[in-house]
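Printed here is model05.cif (mmCIF, C-alpha atoms and all ligand atoms):
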data_entry
#
loop_
_atom_site.group_PDB
_atom_site.id
_atom_site.type_symbol
_atom_site.label_atom_id
_atom_site.label_comp_id
_atom_site.auth_asym_id
_atom_site.auth_seq_id
_atom_site.Cartn_x
_atom_site.Cartn_y
_atom_site.Cartn_z
ATOM 1 C CA MET A 1001 0.000 0.000 0.000
ATOM 2 C CA ALA A 1002 2.986 2.337 0.544
ATOM 3 C CA GLU A 1003 3.465 2.629 -3.225
ATOM 4 C CA SER A 1004 -0.034 4.082 -3.839
ATOM 5 C CA LYS A 1005 -1.634 7.448 -3.166
ATOM 6 C CA LEU A 1006 -5.246 8.541 -2.953
ATOM 7 C CA ARG A 1007 -6.914 11.448 -4.760
ATOM 8 C CA VAL A 1008 -10.461 12.398 -3.758
ATOM 9 C CA LEU A 1009 -12.788 12.056 -6.747
ATOM 10 C CA ILE A 1010 -16.173 12.407 -4.983
ATOM 11 C CA SER A 1011 -16.277 13.808 -1.471
ATOM 12 C CA HIS A 1012 -18.381 12.498 1.385
ATOM 13 C CA ASN A 1013 -20.607 15.597 1.188
ATOM 14 C CA GLN A 1014 -21.142 15.180 -2.556
ATOM 15 C CA LEU A 1015 -22.031 11.523 -1.988
ATOM 16 C CA GLN A 1016 -24.548 12.353 0.713
ATOM 17 C CA ALA A 1017 -26.187 15.137 -1.313
ATOM 18 C CA ARG A 1018 -26.590 12.892 -4.349
ATOM 19 C CA ILE A 1019 -27.972 10.047 -2.216
ATOM 20 C CA GLN A 1020 -30.658 12.390 -0.872
ATOM 21 C CA GLN A 1021 -31.638 13.242 -4.463
ATOM 22 C CA LEU A 1022 -31.765 9.575 -5.487
ATOM 23 C CA ALA A 1023 -33.888 8.722 -2.454
ATOM 24 C CA GLY A 1024 -36.300 11.497 -3.399
ATOM 25 C CA GLU A 1025 -36.627 10.077 -6.927
ATOM 26 C CA ILE A 1026 -37.155 6.578 -5.526
ATOM 27 C CA ASP A 1027 -39.834 7.798 -3.109
ATOM 28 C CA ARG A 1028 -41.686 9.491 -5.970
ATOM 29 C CA ASP A 1029 -41.372 6.485 -8.305
ATOM 30 C CA TYR A 1030 -42.653 3.958 -5.767
ATOM 31 C CA ALA A 1031 -45.446 6.106 -4.279
ATOM 32 C CA GLY A 1032 -48.622 4.085 -3.763
ATOM 33 C CA ARG A 1033 -46.809 0.747 -4.090
ATOM 34 C CA GLY A 1034 -45.927 -1.866 -1.478
ATOM 35 C CA PRO A 1035 -42.570 -2.050 0.300
ATOM 36 C CA ILE A 1036 -39.421 -1.870 -1.802
ATOM 37 C CA TYR A 1037 -37.207 -4.905 -1.355
ATOM 38 C CA LEU A 1038 -33.709 -3.405 -1.239
ATOM 39 C CA LEU A 1039 -31.062 -5.935 -2.253
ATOM 40 C CA CYS A 1040 -27.523 -5.079 -1.237
ATOM 41 C CA VAL A 1041 -24.841 -6.538 -3.484
ATOM 42 C CA LEU A 1042 -22.033 -7.445 -1.093
ATOM 43 C CA LYS A 1043 -19.611 -6.228 -0.249
ATOM 44 C CA GLY A 1044 -18.868 -3.001 -2.059
ATOM 45 C CA ALA A 1045 -22.402 -1.583 -1.870
ATOM 46 C CA VAL A 1046 -22.778 -1.855 1.888
ATOM 47 C CA LEU A 1047 -22.145 1.803 2.791
ATOM 48 C CA PHE A 1048 -24.186 3.178 -0.123
ATOM 49 C CA PHE A 1049 -26.951 0.725 0.763
ATOM 50 C CA SER A 1050 -27.121 1.815 4.391
ATOM 51 C CA ASP A 1051 -27.103 5.533 3.562
ATOM 52 C CA LEU A 1052 -29.637 5.125 0.741
ATOM 53 C CA ALA A 1053 -31.957 3.037 2.916
ATOM 54 C CA ARG A 1054 -31.923 5.726 5.615
ATOM 55 C CA ALA A 1055 -32.670 8.444 3.050
ATOM 56 C CA ILE A 1056 -35.693 6.631 1.553
ATOM 57 C CA SER A 1057 -39.001 7.403 3.283
ATOM 58 C CA HIS A 1058 -41.013 4.666 1.527
ATOM 59 C CA PRO A 1059 -41.156 1.396 3.526
ATOM 60 C CA VAL A 1060 -38.292 -0.925 2.630
ATOM 61 C CA ARG A 1061 -37.224 -4.456 3.344
ATOM 62 C CA MET A 1062 -33.615 -5.557 3.122
ATOM 63 C CA ASP A 1063 -31.711 -8.583 1.988
ATOM 64 C CA PHE A 1064 -28.130 -9.232 0.988
ATOM 65 C CA ILE A 1065 -26.569 -11.128 -1.880
ATOM 66 C CA GLY A 1066 -22.922 -11.866 -2.507
ATOM 67 C CA ILE A 1067 -21.571 -11.762 -6.037
ATOM 68 C CA SER A 1068 -17.914 -11.702 -6.891
ATOM 69 C CA SER A 1069 -16.258 -11.097 -10.222
ATOM 70 C CA TYR A 1070 -12.918 -9.636 -9.139
ATOM 71 C CA GLY A 1071 -9.915 -11.422 -7.740
ATOM 72 C CA LYS A 1072 -7.309 -9.546 -5.772
ATOM 73 C CA GLY A 1073 -6.301 -7.369 -8.732
ATOM 74 C CA LYS A 1074 -7.741 -4.285 -10.346
ATOM 75 C CA THR A 1075 -9.535 -5.931 -13.249
ATOM 76 C CA SER A 1076 -12.377 -8.393 -13.447
ATOM 77 C CA SER A 1077 -11.559 -12.066 -13.732
ATOM 78 C CA GLY A 1078 -14.569 -12.286 -16.050
ATOM 79 C CA GLU A 1079 -15.986 -15.067 -13.915
ATOM 80 C CA VAL A 1080 -19.049 -14.196 -11.825
ATOM 81 C CA LYS A 1081 -19.866 -16.268 -8.754
ATOM 82 C CA LEU A 1082 -22.740 -16.252 -6.298
ATOM 83 C CA THR A 1083 -20.979 -16.221 -2.929
ATOM 84 C CA LYS A 1084 -24.011 -15.654 -0.672
ATOM 85 C CA ASP A 1085 -27.642 -16.150 -1.618
ATOM 86 C CA LEU A 1086 -30.643 -14.164 -0.378
ATOM 87 C CA ASP A 1087 -32.253 -15.325 2.861
ATOM 88 C CA THR A 1088 -35.801 -14.615 1.712
ATOM 89 C CA SER A 1089 -38.151 -15.151 -1.218
ATOM 90 C CA ILE A 1090 -38.541 -12.113 -3.497
ATOM 91 C CA GLU A 1091 -41.519 -13.501 -5.403
ATOM 92 C CA GLY A 1092 -44.108 -10.796 -6.039
ATOM 93 C CA TYR A 1093 -41.994 -7.941 -4.614
ATOM 94 C CA ASP A 1094 -40.673 -4.756 -6.156
ATOM 95 C CA ILE A 1095 -36.900 -5.293 -6.075
ATOM 96 C CA LEU A 1096 -34.354 -2.506 -6.033
ATOM 97 C CA VAL A 1097 -30.831 -3.852 -6.508
ATOM 98 C CA VAL A 1098 -28.285 -1.558 -4.857
ATOM 99 C CA GLU A 1099 -24.770 -1.658 -6.328
ATOM 100 C CA ASP A 1100 -21.673 0.406 -5.713
ATOM 101 C CA ILE A 1101 -20.281 0.362 -9.241
ATOM 102 C CA LEU A 1102 -21.294 -0.718 -12.720
ATOM 103 C CA ASP A 1103 -18.175 -1.471 -14.711
ATOM 104 C CA SER A 1104 -18.124 -4.243 -17.338
ATOM 105 C CA GLY A 1105 -21.738 -5.087 -16.477
ATOM 106 C CA LEU A 1106 -20.913 -8.766 -15.978
ATOM 107 C CA THR A 1107 -22.064 -8.764 -12.343
ATOM 108 C CA LEU A 1108 -25.407 -7.028 -12.811
ATOM 109 C CA ASN A 1109 -26.162 -8.800 -16.090
ATOM 110 C CA TYR A 1110 -25.701 -12.128 -14.276
ATOM 111 C CA LEU A 1111 -27.582 -11.003 -11.170
ATOM 112 C CA VAL A 1112 -30.626 -9.766 -13.087
ATOM 113 C CA HIS A 1113 -30.893 -13.156 -14.818
ATOM 114 C CA VAL A 1114 -30.695 -14.934 -11.446
ATOM 115 C CA LEU A 1115 -33.346 -12.670 -9.895
ATOM 116 C CA GLU A 1116 -35.746 -12.847 -12.857
ATOM 117 C CA GLN A 1117 -36.025 -16.606 -12.316
ATOM 118 C CA ARG A 1118 -37.463 -15.891 -8.852
ATOM 119 C CA HIS A 1119 -40.482 -14.006 -10.209
ATOM 120 C CA PRO A 1120 -40.325 -10.624 -8.493
ATOM 121 C CA LYS A 1121 -42.999 -8.090 -9.430
ATOM 122 C CA SER A 1122 -40.340 -5.726 -10.790
ATOM 123 C CA ILE A 1123 -36.567 -5.290 -10.791
ATOM 124 C CA ARG A 1124 -34.875 -1.906 -10.789
ATOM 125 C CA ILE A 1125 -31.212 -1.099 -10.294
ATOM 126 C CA ALA A 1126 -29.537 1.711 -8.382
ATOM 127 C CA THR A 1127 -25.790 2.090 -8.812
ATOM 128 C CA LEU A 1128 -23.751 4.733 -7.073
ATOM 129 C CA LEU A 1129 -21.075 4.800 -9.777
ATOM 130 C CA ASP A 1130 -21.173 4.032 -13.479
ATOM 131 C CA LYS A 1131 -18.182 3.634 -15.792
ATOM 132 C CA PRO A 1132 -19.983 3.510 -19.149
ATOM 133 C CA GLU A 1133 -16.740 3.259 -21.166
ATOM 134 C CA ARG A 1134 -16.046 -0.142 -19.671
ATOM 135 C CA ARG A 1135 -19.314 -1.855 -20.539
ATOM 136 C CA VAL A 1136 -19.057 -5.342 -22.018
ATOM 137 C CA ARG A 1137 -22.545 -6.639 -21.163
ATOM 138 C CA PRO A 1138 -25.711 -4.521 -21.439
ATOM 139 C CA VAL A 1139 -27.376 -3.479 -18.197
ATOM 140 C CA ARG A 1140 -30.439 -1.250 -17.856
ATOM 141 C CA VAL A 1141 -29.985 0.926 -14.780
ATOM 142 C CA ASP A 1142 -32.689 3.112 -13.284
ATOM 143 C CA TYR A 1143 -30.764 5.260 -10.779
ATOM 144 C CA VAL A 1144 -27.159 6.379 -11.216
ATOM 145 C CA GLY A 1145 -25.310 8.445 -8.630
ATOM 146 C CA PHE A 1146 -22.308 9.529 -10.687
ATOM 147 C CA GLN A 1147 -20.819 8.659 -14.059
ATOM 148 C CA ILE A 1148 -17.055 8.432 -13.640
ATOM 149 C CA PRO A 1149 -14.083 8.063 -15.987
ATOM 150 C CA ASP A 1150 -12.181 4.818 -16.359
ATOM 151 C CA GLU A 1151 -9.989 5.198 -13.281
ATOM 152 C CA PHE A 1152 -9.565 2.720 -10.438
ATOM 153 C CA VAL A 1153 -11.572 3.958 -7.468
ATOM 154 C CA VAL A 1154 -11.675 2.909 -3.827
ATOM 155 C CA GLY A 1155 -13.437 4.015 -0.665
ATOM 156 C CA TYR A 1156 -17.028 4.290 0.534
ATOM 157 C CA GLY A 1157 -17.301 0.495 0.286
ATOM 158 C CA LEU A 1158 -15.045 -0.070 -2.708
ATOM 159 C CA ASP A 1159 -11.799 -1.931 -2.178
ATOM 160 C CA TYR A 1160 -8.462 -2.761 -3.642
ATOM 161 C CA ALA A 1161 -7.574 -6.267 -2.430
ATOM 162 C CA GLU A 1162 -9.992 -5.690 0.519
ATOM 163 C CA ASP A 1163 -8.303 -2.446 1.666
ATOM 164 C CA TYR A 1164 -9.746 1.103 1.684
ATOM 165 C CA ARG A 1165 -13.436 0.164 2.067
ATOM 166 C CA GLN A 1166 -13.923 2.430 5.114
ATOM 167 C CA LEU A 1167 -12.840 5.690 3.449
ATOM 168 C CA ARG A 1168 -15.548 8.382 3.596
ATOM 169 C CA ASP A 1169 -14.799 9.641 0.071
ATOM 170 C CA ILE A 1170 -14.549 7.937 -3.303
ATOM 171 C CA CYS A 1171 -10.872 8.184 -4.204
ATOM 172 C CA VAL A 1172 -8.745 7.349 -7.206
ATOM 173 C CA LEU A 1173 -5.933 4.986 -6.318
ATOM 174 C CA GLU A 1174 -2.842 6.210 -8.131
ATOM 175 C CA PRO A 1175 0.657 4.794 -8.213
ATOM 176 C CA GLU A 1176 3.060 6.885 -6.116
ATOM 177 C CA GLY A 1177 5.009 9.283 -8.298
ATOM 178 C CA SER A 1178 2.211 9.711 -10.885
ATOM 179 C CA GLY A 1179 0.617 13.080 -11.628
HETATM 180 C C1 LIG B 1 -17.345 -5.094 -7.819
HETATM 181 C C2 LIG B 1 -18.518 -4.160 -7.588
HETATM 182 C C3 LIG B 1 -19.570 -4.704 -8.494
HETATM 183 C C4 LIG B 1 -18.776 -5.279 -9.645
HETATM 184 C C5 LIG B 1 -18.836 -4.357 -10.814
HETATM 185 O O1 LIG B 1 -17.528 -6.192 -7.003
HETATM 186 O O2 LIG B 1 -18.925 -4.168 -6.245
HETATM 187 O O3 LIG B 1 -20.317 -5.718 -7.872
HETATM 188 O O4 LIG B 1 -17.431 -5.432 -9.188
HETATM 189 O O5 LIG B 1 -18.035 -4.807 -11.869
HETATM 190 P P1 LIG B 1 -18.602 -5.372 -13.235
HETATM 191 O O6 LIG B 1 -19.650 -4.435 -13.743
HETATM 192 O O7 LIG B 1 -17.348 -5.367 -14.096
HETATM 193 O O8 LIG B 1 -19.115 -6.753 -13.002
HETATM 194 P P2 LIG B 1 -16.357 -7.181 -6.547
HETATM 195 O O9 LIG B 1 -16.450 -8.437 -7.362
HETATM 196 O O10 LIG B 1 -15.052 -6.449 -6.563
HETATM 197 O O11 LIG B 1 -16.766 -7.574 -5.070
HETATM 198 P P3 LIG B 1 -16.942 -6.656 -3.772
HETATM 199 O O12 LIG B 1 -18.182 -5.812 -4.006
HETATM 200 O O13 LIG B 1 -17.129 -7.640 -2.679
HETATM 201 O O14 LIG B 1 -15.715 -5.803 -3.609
#
Output the file's structure in the form of structure tokens.
Ligand code: PRP
Amino acid sequence: MAESKLRVLISHNQLQARIQQLAGEIDRDYAGRGPIYLLCVLKGAVLFFSDLARAISHPVRMDFIGISSYGKGKTSSGEVKLTKDLDTSIEGYDILVVEDILDSGLTLNYLVHVLEQRHPKSIRIATLLDKPERRVRPVRVDYVGFQIPDEFVVGYGLDYAEDYRQLRDICVLEPEGSG
């Protein structure tokens, strides 16, 4: 870790302000409907999920699913695995999948197929970050926090080899001596 440095890309305050806006949109979109089943995609989404859930006024339920497509490096292995399944049935519910970042699209493309087989009433996706340049598989997202350039980001749930998840800001991880 000594050979890397961090540059703030999106500050904690910017994150919180945008999350309030997204929650407002979600409240409007789901008005008059039953509870929203919020699905947290472990582990990267956990901080976004908890802040978004607290900002939404509409009744929510929560469940957690583990999907992994990255090894210990900075790029996807291309292989998507279910590492922890949901604890509950989602049949007949309005599902809102909460992700930290949409990159190649492999993870969400796979996850949507898995969830569709369980017959929810609807599936929507909220992602805090979107790197559209990197897309390999198509994914239809409904709520996007920030579109970001193709840089490796950590913090606010996102890791590099499991480090940096607790940072309050989204930061670019740069090699020491760059810039
Ligand atoms: C990251 C991130 C997304 C996925 C996005 O998860 O949290 O789930 O990669 O990349 P993609 O669009 O290229 O599939 P990761 O596998 O690193 O697991 P983690 O959330 O536990 O860190």
Determine the residue set returned by the PyMOL selection byres (((not hetatm)) within 6 of (chain B and resi 1)) for the present structure, and present it as a PDB file with C-alpha atoms, in the coordinates of the input.
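File written: out.pdb
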ATOM      1  CA  LEU A1042     -22.033  -7.445  -1.093  1.00  0.00           C
ATOM      2  CA  LYS A1043     -19.611  -6.228  -0.249  1.00  0.00           C
ATOM      3  CA  GLY A1044     -18.868  -3.001  -2.059  1.00  0.00           C
ATOM      4  CA  SER A1068     -17.914 -11.702  -6.891  1.00  0.00           C
ATOM      5  CA  SER A1069     -16.258 -11.097 -10.222  1.00  0.00           C
ATOM      6  CA  TYR A1070     -12.918  -9.636  -9.139  1.00  0.00           C
ATOM      7  CA  SER A1076     -12.377  -8.393 -13.447  1.00  0.00           C
ATOM      8  CA  ASP A1100     -21.673   0.406  -5.713  1.00  0.00           C
ATOM      9  CA  ILE A1101     -20.281   0.362  -9.241  1.00  0.00           C
ATOM     10  CA  LEU A1102     -21.294  -0.718 -12.720  1.00  0.00           C
ATOM     11  CA  ASP A1103     -18.175  -1.471 -14.711  1.00  0.00           C
ATOM     12  CA  SER A1104     -18.124  -4.243 -17.338  1.00  0.00           C
ATOM     13  CA  GLY A1105     -21.738  -5.087 -16.477  1.00  0.00           C
ATOM     14  CA  LEU A1106     -20.913  -8.766 -15.978  1.00  0.00           C
ATOM     15  CA  THR A1107     -22.064  -8.764 -12.343  1.00  0.00           C
ATOM     16  CA  LEU A1158     -15.045  -0.070  -2.708  1.00  0.00           C
ATOM     17  CA  ASP A1159     -11.799  -1.931  -2.178  1.00  0.00           C
TER      18      ASP A1159
END
query: What separation in Å, quoted to one decimal, exists between CA of Asn1109 (chain A) and CA of Asp1051 (chain A)?
result: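 Between CA of Asn1109 (chain A) and CA of Asp1051 (chain A) the gap is 24.3 Å.
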- prompt: Looking at A:Arg1140, A:Val1172, A:Ile1065, A:Lys1005, which one is nearest to Arg1124 (chain A), with distances taken over all atoms listed in the file?
  reply: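 Counting all atoms listed in the file, the residue closest to Arg1124 (chain A) is A:Arg1140.
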message: For a quick check of understanding, using all atoms listed in the file, which of A:His1012, A:Arg1165, A:Arg1137, A:Lys1131 has the smallest distance to Glu1151 (chain A)?
response: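 With all atoms listed in the file as the atom set, the closest residue is A:Lys1131.
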Selection dump of the PyMOL selection byres (((chain A and resi 1037) around 7) and not hetatm), as an NGL selection string: :A and (1035-1036 or 1038-1039 or 1060-1062 or 1093-1096)
File dump, residues just selected, C-alpha atoms, as a CSV table (one decimal), in the coordinates of the input:
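See part16.csv below for the written result:
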chain,number,residue,atom,x,y,z
A,1035,PRO,CA,-42.6,-2.0,0.3
A,1036,ILE,CA,-39.4,-1.9,-1.8
A,1038,LEU,CA,-33.7,-3.4,-1.2
A,1039,LEU,CA,-31.1,-5.9,-2.3
A,1060,VAL,CA,-38.3,-0.9,2.6
A,1061,ARG,CA,-37.2,-4.5,3.3
A,1062,MET,CA,-33.6,-5.6,3.1
A,1093,TYR,CA,-42.0,-7.9,-4.6
A,1094,ASP,CA,-40.7,-4.8,-6.2
A,1095,ILE,CA,-36.9,-5.3,-6.1
A,1096,LEU,CA,-34.4,-2.5,-6.0
field: Near-region 1015-1022 of chain A list (10 Å; all atoms listed in the file; drop same-chain fewer than 4 positions) as a list of chain:residue names
entry: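 Selected residues are A:Ile1010, A:Ser1011, A:Ile1026, A:Asp1027, A:Arg1028, A:Phe1048, A:Phe1049, A:Asp1051, A:Leu1052, A:Ala1053, A:Arg1054, A:Ala1055, A:Ile1056, A:Ala1126, A:Leu1128, A:Tyr1143, A:Val1144, A:Gly1145, A:Phe1146, A:Tyr1156, A:Arg1168, A:Asp1169, A:Ile1170.
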field: Given all atoms listed in the file as the counted atoms, nearest of A:Val1139, A:Ser1089, A:Pro1175, A:Asp1150 to Ser1004 (chain A)
entry: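 When distances to Ser1004 (chain A) are compared using all atoms listed in the file, the smallest one comes from A:Pro1175.
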query: Between A:Glu1099, A:Glu1162, A:Glu1116, A:Asp1142, which is the closest to Leu1047 (chain A) once you count all atoms listed in the file?
result: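 Closest candidate: A:Glu1099.
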message: Rounded to one decimal, what separation in Å do you get between CA of Tyr1030 (chain A) and CA of Val1112 (chain A)?
response: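 Going from CA of Tyr1030 (chain A) over to CA of Val1112 (chain A) covers 19.7 Å.
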task: For Val1114 (chain A), please output as a PyMOL selection string all residues within 12 Å (counting only C-alpha atoms; exclusion window: fewer than 2 positions along the same chain).
output: chain A and resi 1065+1067+1080-1082+1085-1086+1090+1107-1112+1116-1120+1123
field: Sphere at (-1.0, 9.2, -5.6), radius 7 Å, counting all atoms listed in the file: residues as a count of residues only
entry: 10
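For the pair CA of Pro1149 (chain A) and CA of Thr1127 (chain A), the separation is 15.0 Å.
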query: Which one is closest to Thr1083 (chain A): A:Val1136, A:Val1154, A:Val1041, A:Ala1023? Count only C-alpha atoms.
result: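 Residue with the minimum atom-to-atom distance to Thr1083 (chain A): A:Val1041.
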